[in-house]
Amino acid sequence: MNAGFFETDITPPVGMEKPGGYWKAYCPVRHDPCKVRAGVFDDGQCKVALVGIDTCVIAADTVAKARSLIETYSDLVGANVMIGASHTHCGGPLFGPSEDDLVGAPELIRDLALNHSTVRDPLYEEWAVRQITTAVVEANRRCDPVTLSIGTGQEDAAVFNRRLRMKSGRTCSHPGKGNPDIVDYAGPIDPDVGVVAAWRPDGSLAGCVVNYPCHGTTGPGGISADWIYYLDTTIAGAMGGRPVTVFLNGACGDVTQVNNLCRTERESGEKYARLIGGRVGSEAVKVMLLAERGDLGPVAAKTRILQIQRRPPSPASVVRSREIVEATTPAGAPSPEWIFAKERVVLDYMIRVEPVVDVEIQAIQIGPAVFLSNPAEYFCSMGLDIKAQSPFPFTYVVELANGGVGYVPNDEAFEK
């Protein structure tokens with residue numbers, strides 16, 4: 001088995017827009033670097049790349065551009081490259097509408113999408129694509145003989161399901177810390193800390209891939225990889241030698257660090273970025289130290305493209321939403337009612353332009369482990385269902401990989 005790792009910088013300049021909300025937001029200061037981290041695995045028959053990128057969401061066409069360049073500058077097959085967004089809410093503008101998406105759109109739609117939403121920056125995207133390419137190509141160039149270890153640890157105190165079951169019988173996301181109408185959590189967490197580690201012949205760590213499900217929403221202050229930065233520094237500090245940690249987020253569409261049943265401080269800021277990253281990183285180190293090392297093959301990859309219809313809002317809600325956005329223009333942070341009205345109006349237009357969307361799902365195998373991608377904010381319970389049904393000893397679900405199609409909730413979320 002050969003493997004190689006490399007990382008590049010994609011830290012956006014101060015002042016750029018930052019995705020993560022549903023309105024305009026900007027990067028005021030820099031806290032820590034945003035990176036692309038790549039690992040390439042080669043068993044002599046097949047070669048794959050796992051790539052983690054510190055951004056909220058990465059668009060499918062951005063992934064396609066990167067894969068094309070990777071094929072140009074290396075012997076890797078683009079379809080064997082998985083690119084997963086860490087889902088930090090403090091990264092650069094790689095996702096959102098662009099001018100090209102809205103050619104021929106009515107003026108109202110253009111205004112709502114471009115002036116009241118985070119937009120993709122074409123120059124930043126071009127740079128990020130080249131940095132993704134450099135990370136993968138250089139990781140490929142650095143492939144050397146390694147032994148692998150694969151294992152899963154448990155970290156069940158760092159995160160919480162953000163959907164709560166209320167006394168009314170409905171469920172609510174973040175209903176307010178200590179809300180007296182909360183009954184209990186409406187969904188699970190997934191405590192698995194999955195780690196694939198590559199060890200050089202001298203016993204040093206070349207790099208690792210870590211999978212754990214949690215939003216990147218601690219917000220330590222400014223441009224940041226969020227808690228993933230402290231995951232990285234925890235592993236590097238413990239192992240030495242500047243190993244590369246490729247982080248791939250798990251199924252965390254309804255999982256964050258916020259405990260709504262706790263009445264004390266809100267779990268955000270520098271303290272909690274360090275806490276979450278340190279806890280997950282420490283567990284990853286423990287897994288690496290305890291797991292047996294060996295020649296763990298084979299390597300394989302498979303991709304399937306699904307064609308899925310967009311889910312339309314009701315005609316009545318579109319009419320009401322249009323009335324709301326045409327009646328008022330928010331001066332500051334808009335109200336939730338205005339935000340969702342804006343989103344429904346824009347979605348209604350998008351459905352008429354593109355009613356069916358190509359959605360990629362991908363499986364990458366490394367010995368007894370399989371990484372299964374989806375381009376969604378995927379609810380945790382469904383990730384657990386996939387793990388329970390998988391024939392692989394180690395199954396790691398990777399959300400927001402190779403694109404972004406929004407949330408994919410479970411059936412109960414639609415019913416309640």
# chains A, B, ... in the order shown; residues from 1 in each chain; ligands from 1

$ select_by_dssp --residues "range 60-288 of chain A" --states "alpha helix (DSSP H)" --output "compact mmCIF listing (two decimals) with N, CA, C and O atoms, in the first residue's frame"
# COMPACT_ATOMS: atom_id res chain seq x y z
N ALA A 60 -21.38 21.36 -6.86
CA ALA A 60 -21.02 20.23 -7.70
C ALA A 60 -20.19 20.66 -8.90
O ALA A 60 -19.26 19.95 -9.32
N ASP A 61 -20.49 21.83 -9.48
CA ASP A 61 -19.70 22.26 -10.63
C ASP A 61 -18.29 22.67 -10.23
O ASP A 61 -17.35 22.56 -11.02
N THR A 62 -18.10 23.13 -8.99
CA THR A 62 -16.76 23.41 -8.50
C THR A 62 -15.97 22.12 -8.37
O THR A 62 -14.78 22.04 -8.74
N VAL A 63 -16.62 21.07 -7.87
CA VAL A 63 -15.98 19.76 -7.77
C VAL A 63 -15.59 19.25 -9.15
O VAL A 63 -14.50 18.72 -9.36
N ALA A 64 -16.48 19.43 -10.12
CA ALA A 64 -16.21 18.97 -11.48
C ALA A 64 -14.99 19.68 -12.07
O ALA A 64 -14.16 19.05 -12.74
N LYS A 65 -14.86 20.98 -11.81
CA LYS A 65 -13.69 21.72 -12.30
C LYS A 65 -12.41 21.18 -11.67
O LYS A 65 -11.39 21.02 -12.34
N ALA A 66 -12.44 20.93 -10.38
CA ALA A 66 -11.26 20.41 -9.70
C ALA A 66 -10.89 19.02 -10.20
O ALA A 66 -9.72 18.72 -10.46
N ARG A 67 -11.89 18.16 -10.36
CA ARG A 67 -11.61 16.81 -10.85
C ARG A 67 -11.00 16.84 -12.24
O ARG A 67 -10.09 16.05 -12.55
N SER A 68 -11.48 17.75 -13.09
CA SER A 68 -10.94 17.85 -14.44
C SER A 68 -9.46 18.23 -14.42
O SER A 68 -8.64 17.65 -15.14
N LEU A 69 -9.11 19.21 -13.57
CA LEU A 69 -7.70 19.61 -13.48
C LEU A 69 -6.85 18.50 -12.86
O LEU A 69 -5.70 18.29 -13.26
N ILE A 70 -7.40 17.79 -11.89
CA ILE A 70 -6.66 16.68 -11.28
C ILE A 70 -6.33 15.63 -12.32
O ILE A 70 -5.22 15.08 -12.36
N GLU A 71 -7.28 15.32 -13.19
CA GLU A 71 -7.02 14.36 -14.26
C GLU A 71 -5.97 14.88 -15.23
O GLU A 71 -5.17 14.10 -15.77
N THR A 72 -5.95 16.20 -15.44
CA THR A 72 -4.97 16.79 -16.37
C THR A 72 -3.56 16.67 -15.82
O THR A 72 -2.61 16.40 -16.57
N TYR A 73 -3.40 16.84 -14.52
CA TYR A 73 -2.06 16.94 -13.94
C TYR A 73 -1.63 15.70 -13.15
O TYR A 73 -0.57 15.72 -12.52
N GLU A 107 -36.15 40.47 -12.42
CA GLU A 107 -35.38 41.38 -11.58
C GLU A 107 -35.57 41.08 -10.10
O GLU A 107 -34.63 41.18 -9.30
N LEU A 108 -36.79 40.70 -9.69
CA LEU A 108 -37.02 40.39 -8.29
C LEU A 108 -36.16 39.21 -7.85
O LEU A 108 -35.55 39.24 -6.76
N ILE A 109 -36.08 38.19 -8.66
CA ILE A 109 -35.29 37.01 -8.32
C ILE A 109 -33.81 37.38 -8.25
O ILE A 109 -33.10 36.98 -7.32
N ARG A 110 -33.34 38.15 -9.20
CA ARG A 110 -31.94 38.57 -9.18
C ARG A 110 -31.63 39.38 -7.92
O ARG A 110 -30.58 39.20 -7.28
N ASP A 111 -32.53 40.25 -7.56
CA ASP A 111 -32.31 41.08 -6.37
C ASP A 111 -32.27 40.23 -5.10
O ASP A 111 -31.36 40.38 -4.27
N LEU A 112 -33.23 39.32 -4.96
CA LEU A 112 -33.27 38.48 -3.76
C LEU A 112 -32.05 37.57 -3.67
O LEU A 112 -31.48 37.38 -2.59
N ALA A 113 -31.64 37.01 -4.80
CA ALA A 113 -30.54 36.04 -4.80
C ALA A 113 -29.18 36.70 -4.66
O ALA A 113 -28.30 36.20 -3.96
N LEU A 114 -29.00 37.84 -5.33
CA LEU A 114 -27.66 38.45 -5.37
C LEU A 114 -27.45 39.50 -4.28
O LEU A 114 -26.33 39.65 -3.78
N ASN A 115 -28.52 40.21 -3.91
CA ASN A 115 -28.37 41.31 -2.95
C ASN A 115 -28.80 40.97 -1.54
O ASN A 115 -28.51 41.72 -0.60
N PRO A 122 -16.42 34.29 -7.94
CA PRO A 122 -15.77 33.52 -9.01
C PRO A 122 -14.25 33.50 -8.90
O PRO A 122 -13.62 32.50 -9.26
N LEU A 123 -13.63 34.58 -8.44
CA LEU A 123 -12.18 34.59 -8.31
C LEU A 123 -11.72 33.69 -7.17
O LEU A 123 -10.73 32.96 -7.30
N TYR A 124 -12.45 33.73 -6.07
CA TYR A 124 -12.12 32.83 -4.95
C TYR A 124 -12.32 31.38 -5.36
O TYR A 124 -11.51 30.50 -5.04
N GLU A 125 -13.39 31.11 -6.10
CA GLU A 125 -13.64 29.75 -6.57
C GLU A 125 -12.51 29.26 -7.46
O GLU A 125 -12.04 28.13 -7.33
N GLU A 126 -12.06 30.10 -8.39
CA GLU A 126 -10.98 29.71 -9.28
C GLU A 126 -9.71 29.36 -8.50
O GLU A 126 -9.04 28.36 -8.78
N TRP A 127 -9.41 30.19 -7.49
CA TRP A 127 -8.24 29.93 -6.67
C TRP A 127 -8.41 28.64 -5.87
O TRP A 127 -7.49 27.81 -5.78
N ALA A 128 -9.60 28.42 -5.29
CA ALA A 128 -9.85 27.22 -4.50
C ALA A 128 -9.74 25.97 -5.36
O ALA A 128 -9.19 24.95 -4.91
N VAL A 129 -10.23 26.02 -6.58
CA VAL A 129 -10.13 24.87 -7.49
C VAL A 129 -8.67 24.52 -7.72
O VAL A 129 -8.27 23.34 -7.70
N ARG A 130 -7.85 25.53 -7.93
CA ARG A 130 -6.42 25.28 -8.17
C ARG A 130 -5.73 24.76 -6.90
O ARG A 130 -4.83 23.91 -6.97
N GLN A 131 -6.17 25.24 -5.74
CA GLN A 131 -5.58 24.76 -4.50
C GLN A 131 -6.02 23.32 -4.19
O GLN A 131 -5.24 22.54 -3.63
N ILE A 132 -7.26 22.97 -4.54
CA ILE A 132 -7.69 21.58 -4.42
C ILE A 132 -6.84 20.69 -5.31
O ILE A 132 -6.35 19.64 -4.90
N THR A 133 -6.66 21.14 -6.54
CA THR A 133 -5.86 20.39 -7.51
C THR A 133 -4.45 20.20 -7.00
O THR A 133 -3.88 19.09 -7.04
N THR A 134 -3.83 21.28 -6.51
CA THR A 134 -2.46 21.20 -6.00
C THR A 134 -2.35 20.22 -4.84
O THR A 134 -1.42 19.41 -4.77
N ALA A 135 -3.32 20.27 -3.91
CA ALA A 135 -3.28 19.37 -2.76
C ALA A 135 -3.32 17.91 -3.20
O ALA A 135 -2.55 17.07 -2.70
N VAL A 136 -4.22 17.59 -4.13
CA VAL A 136 -4.36 16.20 -4.57
C VAL A 136 -3.16 15.76 -5.40
O VAL A 136 -2.61 14.66 -5.19
N VAL A 137 -2.75 16.59 -6.34
CA VAL A 137 -1.62 16.23 -7.21
C VAL A 137 -0.35 16.05 -6.39
O VAL A 137 0.43 15.11 -6.60
N GLU A 138 -0.12 16.93 -5.43
CA GLU A 138 1.08 16.82 -4.61
C GLU A 138 1.00 15.63 -3.66
O GLU A 138 2.00 14.95 -3.42
N ALA A 139 -0.18 15.35 -3.10
CA ALA A 139 -0.35 14.15 -2.29
C ALA A 139 -0.06 12.90 -3.10
O ALA A 139 0.59 11.95 -2.63
N ASN A 140 -0.51 12.91 -4.34
CA ASN A 140 -0.26 11.79 -5.24
C ASN A 140 1.23 11.64 -5.51
O ASN A 140 1.78 10.53 -5.52
N ARG A 141 1.91 12.76 -5.72
CA ARG A 141 3.35 12.72 -6.00
C ARG A 141 4.13 12.18 -4.80
O ARG A 141 5.19 11.57 -4.96
N TRP A 227 -14.06 24.36 14.76
CA TRP A 227 -13.45 23.39 15.68
C TRP A 227 -12.52 22.43 14.97
O TRP A 227 -11.65 21.79 15.60
N ILE A 228 -12.65 22.33 13.65
CA ILE A 228 -11.77 21.44 12.88
C ILE A 228 -10.32 21.89 12.98
O ILE A 228 -9.38 21.08 12.91
N TYR A 229 -10.09 23.19 13.16
CA TYR A 229 -8.73 23.70 13.35
C TYR A 229 -8.09 23.07 14.59
O TYR A 229 -6.92 22.65 14.57
N TYR A 230 -8.86 22.97 15.67
CA TYR A 230 -8.32 22.40 16.90
C TYR A 230 -8.26 20.88 16.85
O TYR A 230 -7.44 20.27 17.55
N LEU A 231 -9.10 20.24 16.05
CA LEU A 231 -8.93 18.82 15.75
C LEU A 231 -7.56 18.60 15.12
O LEU A 231 -6.79 17.72 15.54
N ASP A 232 -7.24 19.41 14.12
CA ASP A 232 -5.97 19.31 13.40
C ASP A 232 -4.79 19.54 14.33
O ASP A 232 -3.83 18.75 14.37
N THR A 233 -4.83 20.62 15.12
CA THR A 233 -3.69 20.94 15.97
C THR A 233 -3.54 19.93 17.12
O THR A 233 -2.42 19.66 17.56
N THR A 234 -4.64 19.36 17.58
CA THR A 234 -4.56 18.33 18.64
C THR A 234 -3.83 17.10 18.13
O THR A 234 -2.94 16.56 18.80
N ILE A 235 -4.19 16.64 16.95
CA ILE A 235 -3.54 15.44 16.38
C ILE A 235 -2.08 15.73 16.07
O ILE A 235 -1.19 14.93 16.39
N ALA A 236 -1.80 16.89 15.46
CA ALA A 236 -0.42 17.23 15.12
C ALA A 236 0.44 17.36 16.38
O ALA A 236 1.59 16.91 16.42
N GLY A 237 -0.12 17.96 17.43
CA GLY A 237 0.62 18.13 18.66
C GLY A 237 0.93 16.81 19.34
O GLY A 237 2.02 16.63 19.91
N ALA A 238 0.00 15.87 19.27
CA ALA A 238 0.21 14.58 19.92
C ALA A 238 1.15 13.68 19.13
O ALA A 238 1.97 12.95 19.72
N MET A 239 1.05 13.71 17.81
CA MET A 239 1.78 12.76 16.99
C MET A 239 3.13 13.29 16.51
O MET A 239 4.03 12.51 16.21
N GLU A 270 -14.55 30.71 21.12
CA GLU A 270 -13.23 30.09 21.20
C GLU A 270 -13.20 28.91 22.16
O GLU A 270 -12.63 27.85 21.85
N LYS A 271 -13.81 29.05 23.31
CA LYS A 271 -13.80 27.99 24.32
C LYS A 271 -14.33 26.68 23.76
O LYS A 271 -13.74 25.61 23.95
N TYR A 272 -15.45 26.77 23.06
CA TYR A 272 -16.08 25.54 22.58
C TYR A 272 -15.45 25.03 21.29
O TYR A 272 -15.49 23.83 21.01
N ALA A 273 -14.86 25.91 20.48
CA ALA A 273 -14.08 25.43 19.34
C ALA A 273 -12.92 24.56 19.82
O ALA A 273 -12.65 23.48 19.28
N ARG A 274 -12.23 25.04 20.86
CA ARG A 274 -11.13 24.26 21.44
C ARG A 274 -11.65 22.96 22.07
O ARG A 274 -11.03 21.90 21.94
N LEU A 275 -12.77 23.05 22.76
CA LEU A 275 -13.31 21.89 23.46
C LEU A 275 -13.72 20.79 22.49
O LEU A 275 -13.33 19.62 22.65
N ILE A 276 -14.50 21.13 21.47
CA ILE A 276 -14.97 20.12 20.52
C ILE A 276 -13.79 19.55 19.74
O ILE A 276 -13.64 18.33 19.63
N GLY A 277 -12.94 20.43 19.19
CA GLY A 277 -11.78 19.95 18.44
C GLY A 277 -10.84 19.12 19.28
O GLY A 277 -10.31 18.09 18.83
N GLY A 278 -10.64 19.54 20.55
CA GLY A 278 -9.75 18.80 21.42
C GLY A 278 -10.30 17.43 21.80
O GLY A 278 -9.56 16.44 21.83
N ARG A 279 -11.60 17.37 22.06
CA ARG A 279 -12.21 16.09 22.44
C ARG A 279 -12.16 15.10 21.27
O ARG A 279 -11.79 13.93 21.44
N VAL A 280 -12.57 15.56 20.09
CA VAL A 280 -12.60 14.67 18.92
C VAL A 280 -11.17 14.30 18.52
O VAL A 280 -10.87 13.14 18.21
N GLY A 281 -10.27 15.28 18.55
CA GLY A 281 -8.88 15.00 18.20
C GLY A 281 -8.22 14.03 19.17
O GLY A 281 -7.47 13.13 18.75
N SER A 282 -8.49 14.18 20.46
CA SER A 282 -7.91 13.27 21.45
C SER A 282 -8.41 11.85 21.26
O SER A 282 -7.65 10.88 21.39
N GLU A 283 -9.69 11.71 20.94
CA GLU A 283 -10.23 10.37 20.69
C GLU A 283 -9.61 9.77 19.43
O GLU A 283 -9.33 8.56 19.39
N ALA A 284 -9.39 10.61 18.40
CA ALA A 284 -8.76 10.12 17.18
C ALA A 284 -7.34 9.63 17.46
O ALA A 284 -6.90 8.59 16.94
N VAL A 285 -6.61 10.36 18.29
CA VAL A 285 -5.25 9.94 18.67
C VAL A 285 -5.30 8.59 19.39
O VAL A 285 -4.49 7.68 19.12
N LYS A 286 -6.23 8.43 20.30
CA LYS A 286 -6.37 7.17 21.03
C LYS A 286 -6.65 6.01 20.07
O LYS A 286 -6.06 4.93 20.19
N VAL A 287 -7.53 6.27 19.10
CA VAL A 287 -7.84 5.23 18.11
C VAL A 287 -6.57 4.83 17.35
O VAL A 287 -6.29 3.63 17.17
N MET A 288 -5.80 5.82 16.93
CA MET A 288 -4.59 5.53 16.15
C MET A 288 -3.56 4.75 16.97
O MET A 288 -2.88 3.86 16.45

$ residues_around --residues "Arg163 in chain A" --least-positions-apart "4" --cutoff "10 Å" --atoms "only C-alpha atoms" --output "PyMOL selection string"
chain A and resi 171-175+184-188+254-256+260+413

$ atom_distance --atom1 "CA of Ala197 in chain A" --atom2 "CA of Ser390 in chain A"
21.4 Å

$ closest_residue --among "A:Ser321, A:Ser74, A:Thr395, A:Ser381" --to "Val408 in chain A" --atoms "only C-alpha atoms"
A:Ser381

$ select_by_dssp --residues "range 119-208 of chain A" --states "strand (DSSP E)" --output "PyMOL selection string"
chain A and resi 144-145+147-154+160-161+163-166+171-173+182-185+192-199+205-208

$ write_last_selection --atoms "N, CA, C and O atoms" --output "compact mmCIF listing (two decimals), in the first residue's frame"
# COMPACT_ATOMS: atom_id res chain seq x y z
N ASP A 144 4.15 7.05 -0.93
CA ASP A 144 5.25 6.18 -0.53
C ASP A 144 4.68 4.98 0.21
O ASP A 144 3.53 5.01 0.66
N PRO A 145 5.47 3.94 0.40
CA PRO A 145 4.98 2.77 1.13
C PRO A 145 4.57 3.12 2.56
O PRO A 145 5.27 3.84 3.27
N THR A 147 2.00 1.45 6.09
CA THR A 147 1.03 0.52 6.64
C THR A 147 -0.15 1.35 7.14
O THR A 147 0.00 2.54 7.45
N LEU A 148 -1.31 0.75 7.17
CA LEU A 148 -2.52 1.46 7.57
C LEU A 148 -3.06 0.91 8.88
O LEU A 148 -2.86 -0.26 9.20
N SER A 149 -3.74 1.76 9.61
CA SER A 149 -4.56 1.31 10.74
C SER A 149 -5.93 1.95 10.60
O SER A 149 -6.06 3.08 10.13
N ILE A 150 -6.96 1.19 10.96
CA ILE A 150 -8.34 1.67 10.85
C ILE A 150 -9.06 1.33 12.14
O ILE A 150 -8.97 0.20 12.64
N GLY A 151 -9.75 2.31 12.67
CA GLY A 151 -10.49 2.05 13.91
C GLY A 151 -11.53 3.12 14.16
O GLY A 151 -11.52 4.18 13.53
N THR A 152 -12.41 2.85 15.10
CA THR A 152 -13.49 3.78 15.46
C THR A 152 -13.52 3.94 16.98
O THR A 152 -13.58 2.95 17.72
N GLY A 153 -13.46 5.19 17.43
CA GLY A 153 -13.61 5.50 18.83
C GLY A 153 -14.97 6.11 19.11
O GLY A 153 -15.83 6.19 18.22
N GLN A 154 -15.17 6.56 20.33
CA GLN A 154 -16.46 7.10 20.75
C GLN A 154 -16.28 8.44 21.45
O GLN A 154 -15.49 8.55 22.38
N PHE A 160 -24.83 17.42 20.28
CA PHE A 160 -26.23 17.20 20.66
C PHE A 160 -27.11 17.32 19.42
O PHE A 160 -26.78 18.08 18.50
N ASN A 161 -28.21 16.61 19.41
CA ASN A 161 -29.18 16.79 18.34
C ASN A 161 -29.89 18.14 18.55
O ASN A 161 -30.32 18.44 19.67
N ARG A 163 -32.66 19.18 17.17
CA ARG A 163 -34.11 19.12 17.04
C ARG A 163 -34.69 18.59 18.34
O ARG A 163 -34.27 17.54 18.84
N LEU A 164 -35.67 19.30 18.87
CA LEU A 164 -36.25 18.94 20.16
C LEU A 164 -37.75 18.66 20.01
O LEU A 164 -38.43 19.35 19.26
N ARG A 165 -38.21 17.64 20.72
CA ARG A 165 -39.64 17.32 20.73
C ARG A 165 -40.32 18.21 21.77
O ARG A 165 -39.90 18.30 22.92
N MET A 166 -41.40 18.88 21.34
CA MET A 166 -42.08 19.85 22.21
C MET A 166 -43.37 19.26 22.78
O MET A 166 -43.89 18.25 22.28
N THR A 171 -41.83 19.02 16.50
CA THR A 171 -40.40 19.14 16.79
C THR A 171 -39.93 20.50 16.29
O THR A 171 -40.49 21.06 15.35
N CYS A 172 -38.86 20.99 16.92
CA CYS A 172 -38.37 22.33 16.60
C CYS A 172 -36.86 22.35 16.68
O CYS A 172 -36.27 21.79 17.62
N SER A 173 -36.22 22.98 15.71
CA SER A 173 -34.77 23.16 15.76
C SER A 173 -34.43 24.36 16.62
O SER A 173 -34.96 25.45 16.42
N ILE A 182 -39.90 22.07 26.07
CA ILE A 182 -39.12 20.95 25.54
C ILE A 182 -39.42 19.69 26.32
O ILE A 182 -39.42 19.69 27.56
N VAL A 183 -39.64 18.59 25.58
CA VAL A 183 -39.83 17.28 26.20
C VAL A 183 -38.52 16.50 26.20
O VAL A 183 -38.06 16.01 27.23
N ASP A 184 -37.89 16.39 25.02
CA ASP A 184 -36.64 15.64 24.91
C ASP A 184 -36.09 15.86 23.51
O ASP A 184 -36.72 16.50 22.66
N TYR A 185 -34.91 15.29 23.26
CA TYR A 185 -34.33 15.35 21.93
C TYR A 185 -35.20 14.56 20.95
O TYR A 185 -35.73 13.50 21.27
N ASP A 192 -19.45 8.06 16.75
CA ASP A 192 -18.30 7.41 16.14
C ASP A 192 -17.24 8.42 15.67
O ASP A 192 -17.55 9.36 14.93
N VAL A 193 -16.01 8.20 16.10
CA VAL A 193 -14.84 8.92 15.58
C VAL A 193 -14.06 7.92 14.74
O VAL A 193 -13.35 7.07 15.28
N GLY A 194 -14.26 7.98 13.43
CA GLY A 194 -13.62 7.03 12.53
C GLY A 194 -12.28 7.55 12.06
O GLY A 194 -12.16 8.72 11.69
N VAL A 195 -11.26 6.68 12.06
CA VAL A 195 -9.92 7.11 11.69
C VAL A 195 -9.24 6.08 10.80
O VAL A 195 -9.17 4.89 11.15
N VAL A 196 -8.76 6.53 9.66
CA VAL A 196 -7.85 5.76 8.82
C VAL A 196 -6.50 6.47 8.87
O VAL A 196 -6.41 7.64 8.50
N ALA A 197 -5.47 5.79 9.35
CA ALA A 197 -4.16 6.40 9.52
C ALA A 197 -3.12 5.69 8.68
O ALA A 197 -3.16 4.45 8.52
N ALA A 198 -2.19 6.46 8.13
CA ALA A 198 -1.10 5.91 7.31
C ALA A 198 0.23 6.14 8.02
O ALA A 198 0.56 7.27 8.39
N TRP A 199 0.99 5.05 8.20
CA TRP A 199 2.22 5.08 8.98
C TRP A 199 3.42 4.79 8.09
O TRP A 199 3.42 3.82 7.33
N LEU A 205 3.64 9.14 11.73
CA LEU A 205 2.34 9.28 11.07
C LEU A 205 2.48 10.18 9.85
O LEU A 205 2.84 11.36 9.97
N ALA A 206 2.17 9.64 8.67
CA ALA A 206 2.19 10.45 7.44
C ALA A 206 0.95 11.31 7.34
O ALA A 206 1.01 12.48 6.94
N GLY A 207 -0.18 10.75 7.71
CA GLY A 207 -1.45 11.47 7.65
C GLY A 207 -2.58 10.57 8.06
O GLY A 207 -2.41 9.36 8.24
N CYS A 208 -3.75 11.16 8.22
CA CYS A 208 -4.91 10.38 8.63
C CYS A 208 -6.18 11.02 8.06
O CYS A 208 -6.19 12.18 7.66

$ residues_around --residues "Pro33 in chain A" --least-positions-apart "5" --cutoff "7 Å" --atoms "only C-alpha atoms" --output "PDB file with N, CA, C and O atoms, in the first residue's frame"
ATOM      1  N   ASP A   9      -3.570  26.152   1.291  1.00  0.00           N
ATOM      2  CA  ASP A   9      -4.304  27.212   1.988  1.00  0.00           C
ATOM      3  C   ASP A   9      -5.389  27.793   1.091  1.00  0.00           C
ATOM      4  O   ASP A   9      -5.148  28.071  -0.086  1.00  0.00           O
ATOM      5  N   THR A  11      -7.549  30.302   2.736  1.00  0.00           N
ATOM      6  CA  THR A  11      -8.092  31.308   3.641  1.00  0.00           C
ATOM      7  C   THR A  11      -8.599  32.507   2.838  1.00  0.00           C
ATOM      8  O   THR A  11      -7.835  33.131   2.111  1.00  0.00           O
ATOM      9  N   SER A 224     -12.270  31.117   9.833  1.00  0.00           N
ATOM     10  CA  SER A 224     -11.812  29.986  10.635  1.00  0.00           C
ATOM     11  C   SER A 224     -12.284  28.663  10.047  1.00  0.00           C
ATOM     12  O   SER A 224     -13.340  28.591   9.418  1.00  0.00           O
ATOM     13  N   ALA A 225     -11.490  27.628  10.277  1.00  0.00           N
ATOM     14  CA  ALA A 225     -11.941  26.259  10.008  1.00  0.00           C
ATOM     15  C   ALA A 225     -12.870  25.765  11.103  1.00  0.00           C
ATOM     16  O   ALA A 225     -13.349  24.639  11.048  1.00  0.00           O
TER      17      ALA A 225
END

$ closest_residue --among "A:Arg200, A:Lys47, A:Cys27, A:Ala333" --to "Gly241 in chain A" --atoms "only C-alpha atoms"
A:Arg200

$ atom_distance --atom1 "CA of Phe392 in chain A" --atom2 "CA of Phe371 in chain A"
10.0 Å

$ residues_around --residues "Gly92 in chain A" --least-positions-apart "5" --cutoff "12 Å" --atoms "only C-alpha atoms" --output "ChimeraX atom specification"
/A:9-20,25-28,30,33-35,53-58,85-87,118-125,127-128,222-225

$ decode --residues "range 348-357 of chain A" --atoms "N, CA, C and O atoms" --output "compact mmCIF listing (two decimals), in the first residue's frame"
# COMPACT_ATOMS: atom_id res chain seq x y z
N ASP A 348 -38.91 28.64 -5.99
CA ASP A 348 -39.96 28.48 -7.00
C ASP A 348 -39.42 28.76 -8.40
O ASP A 348 -39.72 28.03 -9.35
N TYR A 349 -38.58 29.79 -8.52
CA TYR A 349 -37.96 30.09 -9.81
C TYR A 349 -37.00 28.98 -10.23
O TYR A 349 -37.01 28.54 -11.39
N MET A 350 -36.17 28.51 -9.31
CA MET A 350 -35.19 27.48 -9.63
C MET A 350 -35.86 26.20 -10.10
O MET A 350 -35.36 25.52 -10.99
N ILE A 351 -37.00 25.87 -9.50
CA ILE A 351 -37.71 24.66 -9.90
C ILE A 351 -38.21 24.76 -11.32
O ILE A 351 -38.17 23.79 -12.09
N ARG A 352 -38.66 25.96 -11.69
CA ARG A 352 -39.15 26.13 -13.07
C ARG A 352 -38.00 26.06 -14.07
O ARG A 352 -38.18 25.58 -15.19
N VAL A 353 -36.81 26.49 -13.68
CA VAL A 353 -35.64 26.44 -14.56
C VAL A 353 -35.02 25.05 -14.59
O VAL A 353 -34.63 24.54 -15.64
N GLU A 354 -34.93 24.42 -13.43
CA GLU A 354 -34.27 23.12 -13.32
C GLU A 354 -35.05 22.24 -12.34
O GLU A 354 -34.72 22.15 -11.16
N PRO A 355 -36.10 21.58 -12.81
CA PRO A 355 -36.96 20.80 -11.89
C PRO A 355 -36.30 19.53 -11.37
O PRO A 355 -36.66 19.03 -10.31
N VAL A 356 -35.34 18.99 -12.13
CA VAL A 356 -34.66 17.75 -11.74
C VAL A 356 -33.17 18.03 -11.60
O VAL A 356 -32.57 18.70 -12.45
N VAL A 357 -32.56 17.52 -10.52
CA VAL A 357 -31.16 17.78 -10.22
C VAL A 357 -30.38 16.48 -10.23
O VAL A 357 -30.84 15.46 -9.70
